[in-house]
Amino acid sequence: MIVRRALTTALAAAVLPAAALVAAPGAYAAGQAGEQLPSCYDVSTASGDYEQKTIKLVQTDADGPVVRGGGWRSFRATVTNIGSTTLKTLGMSVYAWRQVEDEDPVIGGFMAFEYRSQKTGKWTPVDSDASGRFVTDGVVRAGKSVTYDLRLRATADLPAHMTWADISVDASFVDRYRFPDGRVVSCRAGETGQNMVHITDATAARPTGPARTSPRTG
């Protein structure tokens with residue numbers, strides 16, 4: 001399997017509302033409504049000295065099996081502000097992908113995600129048509145963490161040959177890059193948490209007991 005640099009590609013550009021939404025592989029939220037921002041890694045290409053030092057993302061409990069046509073399985077993503085100032089532009093997304101020819105991002109149509117609202121406690125579907133972004137309040141104070149409760153399931157019609165998938169959770173924010181000549185530009189940066197999940201059939205996932213033997217006669 002070839003591991004792609006999903007976040008670097010994703011940060012290339014997008015125009016989305018500023019309600020702390022973030023898009024997945026093809027698009028990322030801008031800091032202001034109608035604003036389109038380049039990736040900080042792209043704008044620093046000439047000098048190549050950009051380093052993301054604001055957030056850390058840890059994804060947990062996402063690497064177990066998922067049953068094709070089965071129920072939901074929960075996992076978490078924790079974002080920590082390791083910077084010295086309050087982060088006000090955090091956005092999140094979650095999506096499934098396979099780095100296989102002609103299959104990326106096909107598997108996304110067979111994997112469903114939900115997130116638990118931090119305000120209401122209710123599970124809410126993640127809109128796959130919106131590239132997997134889900135709503136956050138966008139603010140994380142310096143030294144503080146926020147944990148997102150997520151869950152996923154695989155549909156019953158997921159093709160049999162798709163026995164694994166990579167699950168990515170992306171966090172992005174608006175940063176500033178200073179060029180050697182003193183110019184400062186706004187750009188998007190972030191971090192990705194990634195886990196592989198194995199997809200099994202319900203029959204394979206069902207526990208089996210000891211073999212039953214017939215009583216001897218005669």
# chains A, B, ... in the order shown; residues from 1 in each chain; ligands from 1

$ residues_around --residues "Leu87 (chain A)" --least-positions-apart "6" --cutoff "8 Å" --atoms "only C-alpha atoms" --output "PyMOL selection string"
chain A and resi 81+138-142+173

$ write_last_selection --atoms "N, CA and C atoms" --output "tab-separated table (two decimals), in the first residue's frame"
chain	number	residue	atom	x	y	z
A	81	ASN	N	-3.79	22.03	21.20
A	81	ASN	CA	-3.13	23.27	20.80
A	81	ASN	C	-1.79	23.34	21.54
A	138	GLY	N	-14.37	25.67	16.48
A	138	GLY	CA	-13.23	26.34	15.89
A	138	GLY	C	-12.24	26.96	16.84
A	139	VAL	N	-12.47	26.89	18.15
A	139	VAL	CA	-11.61	27.57	19.11
A	139	VAL	C	-10.97	26.57	20.07
A	140	VAL	N	-9.64	26.61	20.19
A	140	VAL	CA	-8.93	25.78	21.17
A	140	VAL	C	-7.87	26.67	21.83
A	141	ARG	N	-7.97	26.82	23.13
A	141	ARG	CA	-7.03	27.69	23.84
A	141	ARG	C	-5.65	27.04	23.93
A	142	ALA	N	-4.64	27.85	24.10
A	142	ALA	CA	-3.27	27.37	24.20
A	142	ALA	C	-3.14	26.35	25.33
A	173	PHE	N	-6.07	24.69	10.18
A	173	PHE	CA	-6.22	26.02	10.77
A	173	PHE	C	-5.52	27.04	9.89

$ select_by_dssp --residues "region 40-186 of chain A" --states "helix (DSSP H, G or I)" --output "count of residues only"
12

$ select_by_dssp --residues "region 57-166 of chain A" --states "strand (DSSP E or B)" --output "PDB file with N, CA and C atoms, in the first residue's frame"
ATOM      1  N   LEU A  57      -2.447  16.109  16.580  1.00  0.00           N
ATOM      2  CA  LEU A  57      -3.671  15.320  16.446  1.00  0.00           C
ATOM      3  C   LEU A  57      -3.361  13.856  16.731  1.00  0.00           C
ATOM      4  N   VAL A  58      -4.167  13.245  17.590  1.00  0.00           N
ATOM      5  CA  VAL A  58      -4.015  11.828  17.903  1.00  0.00           C
ATOM      6  C   VAL A  58      -5.353  11.139  17.665  1.00  0.00           C
ATOM      7  N   GLN A  59      -5.331  10.106  16.843  1.00  0.00           N
ATOM      8  CA  GLN A  59      -6.539   9.332  16.545  1.00  0.00           C
ATOM      9  C   GLN A  59      -6.451   8.009  17.292  1.00  0.00           C
ATOM     10  N   THR A  60      -7.500   7.647  18.010  1.00  0.00           N
ATOM     11  CA  THR A  60      -7.470   6.436  18.832  1.00  0.00           C
ATOM     12  C   THR A  60      -8.664   5.537  18.546  1.00  0.00           C
ATOM     13  N   VAL A  66     -14.087  -3.677  10.989  1.00  0.00           N
ATOM     14  CA  VAL A  66     -15.402  -3.132  10.678  1.00  0.00           C
ATOM     15  C   VAL A  66     -16.155  -4.201   9.912  1.00  0.00           C
ATOM     16  N   VAL A  67     -17.371  -4.494  10.332  1.00  0.00           N
ATOM     17  CA  VAL A  67     -18.164  -5.555   9.711  1.00  0.00           C
ATOM     18  C   VAL A  67     -18.968  -4.997   8.548  1.00  0.00           C
ATOM     19  N   ARG A  68     -18.802  -5.603   7.387  1.00  0.00           N
ATOM     20  CA  ARG A  68     -19.558  -5.187   6.196  1.00  0.00           C
ATOM     21  C   ARG A  68     -21.054  -5.387   6.466  1.00  0.00           C
ATOM     22  N   ARG A  73     -19.131   1.484  14.804  1.00  0.00           N
ATOM     23  CA  ARG A  73     -17.990   1.298  15.700  1.00  0.00           C
ATOM     24  C   ARG A  73     -17.368   2.661  15.971  1.00  0.00           C
ATOM     25  N   SER A  74     -17.193   2.951  17.255  1.00  0.00           N
ATOM     26  CA  SER A  74     -16.761   4.281  17.673  1.00  0.00           C
ATOM     27  C   SER A  74     -15.245   4.421  17.701  1.00  0.00           C
ATOM     28  N   PHE A  75     -14.782   5.651  17.505  1.00  0.00           N
ATOM     29  CA  PHE A  75     -13.376   5.990  17.691  1.00  0.00           C
ATOM     30  C   PHE A  75     -13.290   7.468  18.021  1.00  0.00           C
ATOM     31  N   ARG A  76     -12.094   7.944  18.320  1.00  0.00           N
ATOM     32  CA  ARG A  76     -11.919   9.326  18.757  1.00  0.00           C
ATOM     33  C   ARG A  76     -10.757  10.002  18.044  1.00  0.00           C
ATOM     34  N   ALA A  77     -10.813  11.321  18.021  1.00  0.00           N
ATOM     35  CA  ALA A  77      -9.697  12.123  17.527  1.00  0.00           C
ATOM     36  C   ALA A  77      -9.518  13.292  18.495  1.00  0.00           C
ATOM     37  N   THR A  78      -8.313  13.455  18.989  1.00  0.00           N
ATOM     38  CA  THR A  78      -8.025  14.524  19.944  1.00  0.00           C
ATOM     39  C   THR A  78      -7.050  15.517  19.327  1.00  0.00           C
ATOM     40  N   VAL A  79      -7.427  16.774  19.349  1.00  0.00           N
ATOM     41  CA  VAL A  79      -6.574  17.851  18.841  1.00  0.00           C
ATOM     42  C   VAL A  79      -6.093  18.678  20.023  1.00  0.00           C
ATOM     43  N   THR A  80      -4.787  18.867  20.114  1.00  0.00           N
ATOM     44  CA  THR A  80      -4.187  19.655  21.188  1.00  0.00           C
ATOM     45  C   THR A  80      -3.506  20.889  20.612  1.00  0.00           C
ATOM     46  N   ASN A  81      -3.786  22.029  21.198  1.00  0.00           N
ATOM     47  CA  ASN A  81      -3.127  23.267  20.801  1.00  0.00           C
ATOM     48  C   ASN A  81      -1.792  23.339  21.537  1.00  0.00           C
ATOM     49  N   LEU A  87      -6.199  29.211  19.367  1.00  0.00           N
ATOM     50  CA  LEU A  87      -6.478  28.862  17.976  1.00  0.00           C
ATOM     51  C   LEU A  87      -7.960  29.112  17.709  1.00  0.00           C
ATOM     52  N   GLY A  91     -10.726  23.526  11.999  1.00  0.00           N
ATOM     53  CA  GLY A  91     -11.762  22.825  11.256  1.00  0.00           C
ATOM     54  C   GLY A  91     -11.418  21.354  11.190  1.00  0.00           C
ATOM     55  N   MET A  92     -12.409  20.497  11.025  1.00  0.00           N
ATOM     56  CA  MET A  92     -12.204  19.053  11.070  1.00  0.00           C
ATOM     57  C   MET A  92     -12.886  18.356   9.895  1.00  0.00           C
ATOM     58  N   SER A  93     -12.334  17.206   9.512  1.00  0.00           N
ATOM     59  CA  SER A  93     -12.974  16.352   8.516  1.00  0.00           C
ATOM     60  C   SER A  93     -12.581  14.908   8.774  1.00  0.00           C
ATOM     61  N   VAL A  94     -13.398  13.983   8.282  1.00  0.00           N
ATOM     62  CA  VAL A  94     -13.110  12.556   8.406  1.00  0.00           C
ATOM     63  C   VAL A  94     -13.540  11.874   7.114  1.00  0.00           C
ATOM     64  N   TYR A  95     -12.748  10.913   6.650  1.00  0.00           N
ATOM     65  CA  TYR A  95     -13.068  10.256   5.390  1.00  0.00           C
ATOM     66  C   TYR A  95     -12.314   8.941   5.278  1.00  0.00           C
ATOM     67  N   ALA A  96     -12.810   8.070   4.397  1.00  0.00           N
ATOM     68  CA  ALA A  96     -12.169   6.784   4.113  1.00  0.00           C
ATOM     69  C   ALA A  96     -11.575   6.833   2.723  1.00  0.00           C
ATOM     70  N   TRP A  97     -10.451   6.164   2.528  1.00  0.00           N
ATOM     71  CA  TRP A  97      -9.824   6.132   1.211  1.00  0.00           C
ATOM     72  C   TRP A  97      -8.958   4.886   1.078  1.00  0.00           C
ATOM     73  N   MET A 111     -18.766   3.835   3.014  1.00  0.00           N
ATOM     74  CA  MET A 111     -18.438   4.020   4.424  1.00  0.00           C
ATOM     75  C   MET A 111     -19.193   5.238   4.936  1.00  0.00           C
ATOM     76  N   ALA A 112     -19.884   5.073   6.048  1.00  0.00           N
ATOM     77  CA  ALA A 112     -20.644   6.182   6.633  1.00  0.00           C
ATOM     78  C   ALA A 112     -19.997   6.596   7.950  1.00  0.00           C
ATOM     79  N   PHE A 113     -20.028   7.903   8.223  1.00  0.00           N
ATOM     80  CA  PHE A 113     -19.466   8.444   9.453  1.00  0.00           C
ATOM     81  C   PHE A 113     -20.491   9.301  10.170  1.00  0.00           C
ATOM     82  N   GLU A 114     -20.398   9.337  11.482  1.00  0.00           N
ATOM     83  CA  GLU A 114     -21.177  10.248  12.299  1.00  0.00           C
ATOM     84  C   GLU A 114     -20.271  10.843  13.368  1.00  0.00           C
ATOM     85  N   TYR A 115     -20.631  12.041  13.836  1.00  0.00           N
ATOM     86  CA  TYR A 115     -19.914  12.649  14.949  1.00  0.00           C
ATOM     87  C   TYR A 115     -20.918  13.007  16.037  1.00  0.00           C
ATOM     88  N   ARG A 116     -20.457  12.989  17.289  1.00  0.00           N
ATOM     89  CA  ARG A 116     -21.334  13.327  18.395  1.00  0.00           C
ATOM     90  C   ARG A 116     -21.230  14.828  18.670  1.00  0.00           C
ATOM     91  N   TRP A 123     -25.779  12.048  17.922  1.00  0.00           N
ATOM     92  CA  TRP A 123     -24.975  11.640  16.772  1.00  0.00           C
ATOM     93  C   TRP A 123     -25.541  12.288  15.515  1.00  0.00           C
ATOM     94  N   THR A 124     -24.653  12.843  14.696  1.00  0.00           N
ATOM     95  CA  THR A 124     -25.044  13.558  13.486  1.00  0.00           C
ATOM     96  C   THR A 124     -24.267  13.015  12.296  1.00  0.00           C
ATOM     97  N   PRO A 125     -24.933  12.709  11.177  1.00  0.00           N
ATOM     98  CA  PRO A 125     -24.221  12.191  10.004  1.00  0.00           C
ATOM     99  C   PRO A 125     -23.203  13.193   9.473  1.00  0.00           C
ATOM    100  N   ARG A 133     -16.443  17.009   6.000  1.00  0.00           N
ATOM    101  CA  ARG A 133     -16.250  17.981   7.063  1.00  0.00           C
ATOM    102  C   ARG A 133     -17.374  17.880   8.089  1.00  0.00           C
ATOM    103  N   PHE A 134     -17.055  18.210   9.321  1.00  0.00           N
ATOM    104  CA  PHE A 134     -18.089  18.281  10.342  1.00  0.00           C
ATOM    105  C   PHE A 134     -17.868  19.503  11.208  1.00  0.00           C
ATOM    106  N   VAL A 140      -9.642  26.613  20.194  1.00  0.00           N
ATOM    107  CA  VAL A 140      -8.930  25.780  21.165  1.00  0.00           C
ATOM    108  C   VAL A 140      -7.872  26.671  21.827  1.00  0.00           C
ATOM    109  N   SER A 145      -6.927  20.798  24.929  1.00  0.00           N
ATOM    110  CA  SER A 145      -7.265  19.781  23.929  1.00  0.00           C
ATOM    111  C   SER A 145      -8.774  19.705  23.750  1.00  0.00           C
ATOM    112  N   VAL A 146      -9.186  19.242  22.586  1.00  0.00           N
ATOM    113  CA  VAL A 146     -10.585  18.950  22.328  1.00  0.00           C
ATOM    114  C   VAL A 146     -10.656  17.566  21.698  1.00  0.00           C
ATOM    115  N   THR A 147     -11.572  16.743  22.187  1.00  0.00           N
ATOM    116  CA  THR A 147     -11.709  15.375  21.689  1.00  0.00           C
ATOM    117  C   THR A 147     -13.037  15.223  20.961  1.00  0.00           C
ATOM    118  N   TYR A 148     -12.978  14.657  19.783  1.00  0.00           N
ATOM    119  CA  TYR A 148     -14.168  14.451  18.965  1.00  0.00           C
ATOM    120  C   TYR A 148     -14.524  12.972  18.971  1.00  0.00           C
ATOM    121  N   ASP A 149     -15.774  12.679  19.325  1.00  0.00           N
ATOM    122  CA  ASP A 149     -16.284  11.310  19.289  1.00  0.00           C
ATOM    123  C   ASP A 149     -16.869  11.059  17.909  1.00  0.00           C
ATOM    124  N   LEU A 150     -16.379  10.027  17.247  1.00  0.00           N
ATOM    125  CA  LEU A 150     -16.791   9.687  15.891  1.00  0.00           C
ATOM    126  C   LEU A 150     -17.175   8.213  15.830  1.00  0.00           C
ATOM    127  N   ARG A 151     -17.866   7.836  14.799  1.00  0.00           N
ATOM    128  CA  ARG A 151     -18.142   6.425  14.570  1.00  0.00           C
ATOM    129  C   ARG A 151     -18.318   6.178  13.077  1.00  0.00           C
ATOM    130  N   LEU A 152     -18.093   4.923  12.681  1.00  0.00           N
ATOM    131  CA  LEU A 152     -18.177   4.568  11.270  1.00  0.00           C
ATOM    132  C   LEU A 152     -18.812   3.194  11.107  1.00  0.00           C
ATOM    133  N   ARG A 153     -19.294   2.945   9.919  1.00  0.00           N
ATOM    134  CA  ARG A 153     -19.797   1.617   9.567  1.00  0.00           C
ATOM    135  C   ARG A 153     -19.639   1.427   8.070  1.00  0.00           C
ATOM    136  N   ALA A 154     -19.613   0.162   7.650  1.00  0.00           N
ATOM    137  CA  ALA A 154     -19.494  -0.183   6.240  1.00  0.00           C
ATOM    138  C   ALA A 154     -20.845  -0.707   5.749  1.00  0.00           C
ATOM    139  N   TRP A 164     -10.026  -3.688   3.271  1.00  0.00           N
ATOM    140  CA  TRP A 164      -9.383  -2.738   4.164  1.00  0.00           C
ATOM    141  C   TRP A 164      -9.627  -1.320   3.660  1.00  0.00           C
ATOM    142  N   ALA A 165      -9.443  -0.368   4.561  1.00  0.00           N
ATOM    143  CA  ALA A 165      -9.555   1.046   4.202  1.00  0.00           C
ATOM    144  C   ALA A 165      -8.707   1.853   5.169  1.00  0.00           C
ATOM    145  N   ASP A 166      -8.248   2.994   4.715  1.00  0.00           N
ATOM    146  CA  ASP A 166      -7.578   3.945   5.595  1.00  0.00           C
ATOM    147  C   ASP A 166      -8.589   4.985   6.043  1.00  0.00           C
TER     148      ASP A 166
END
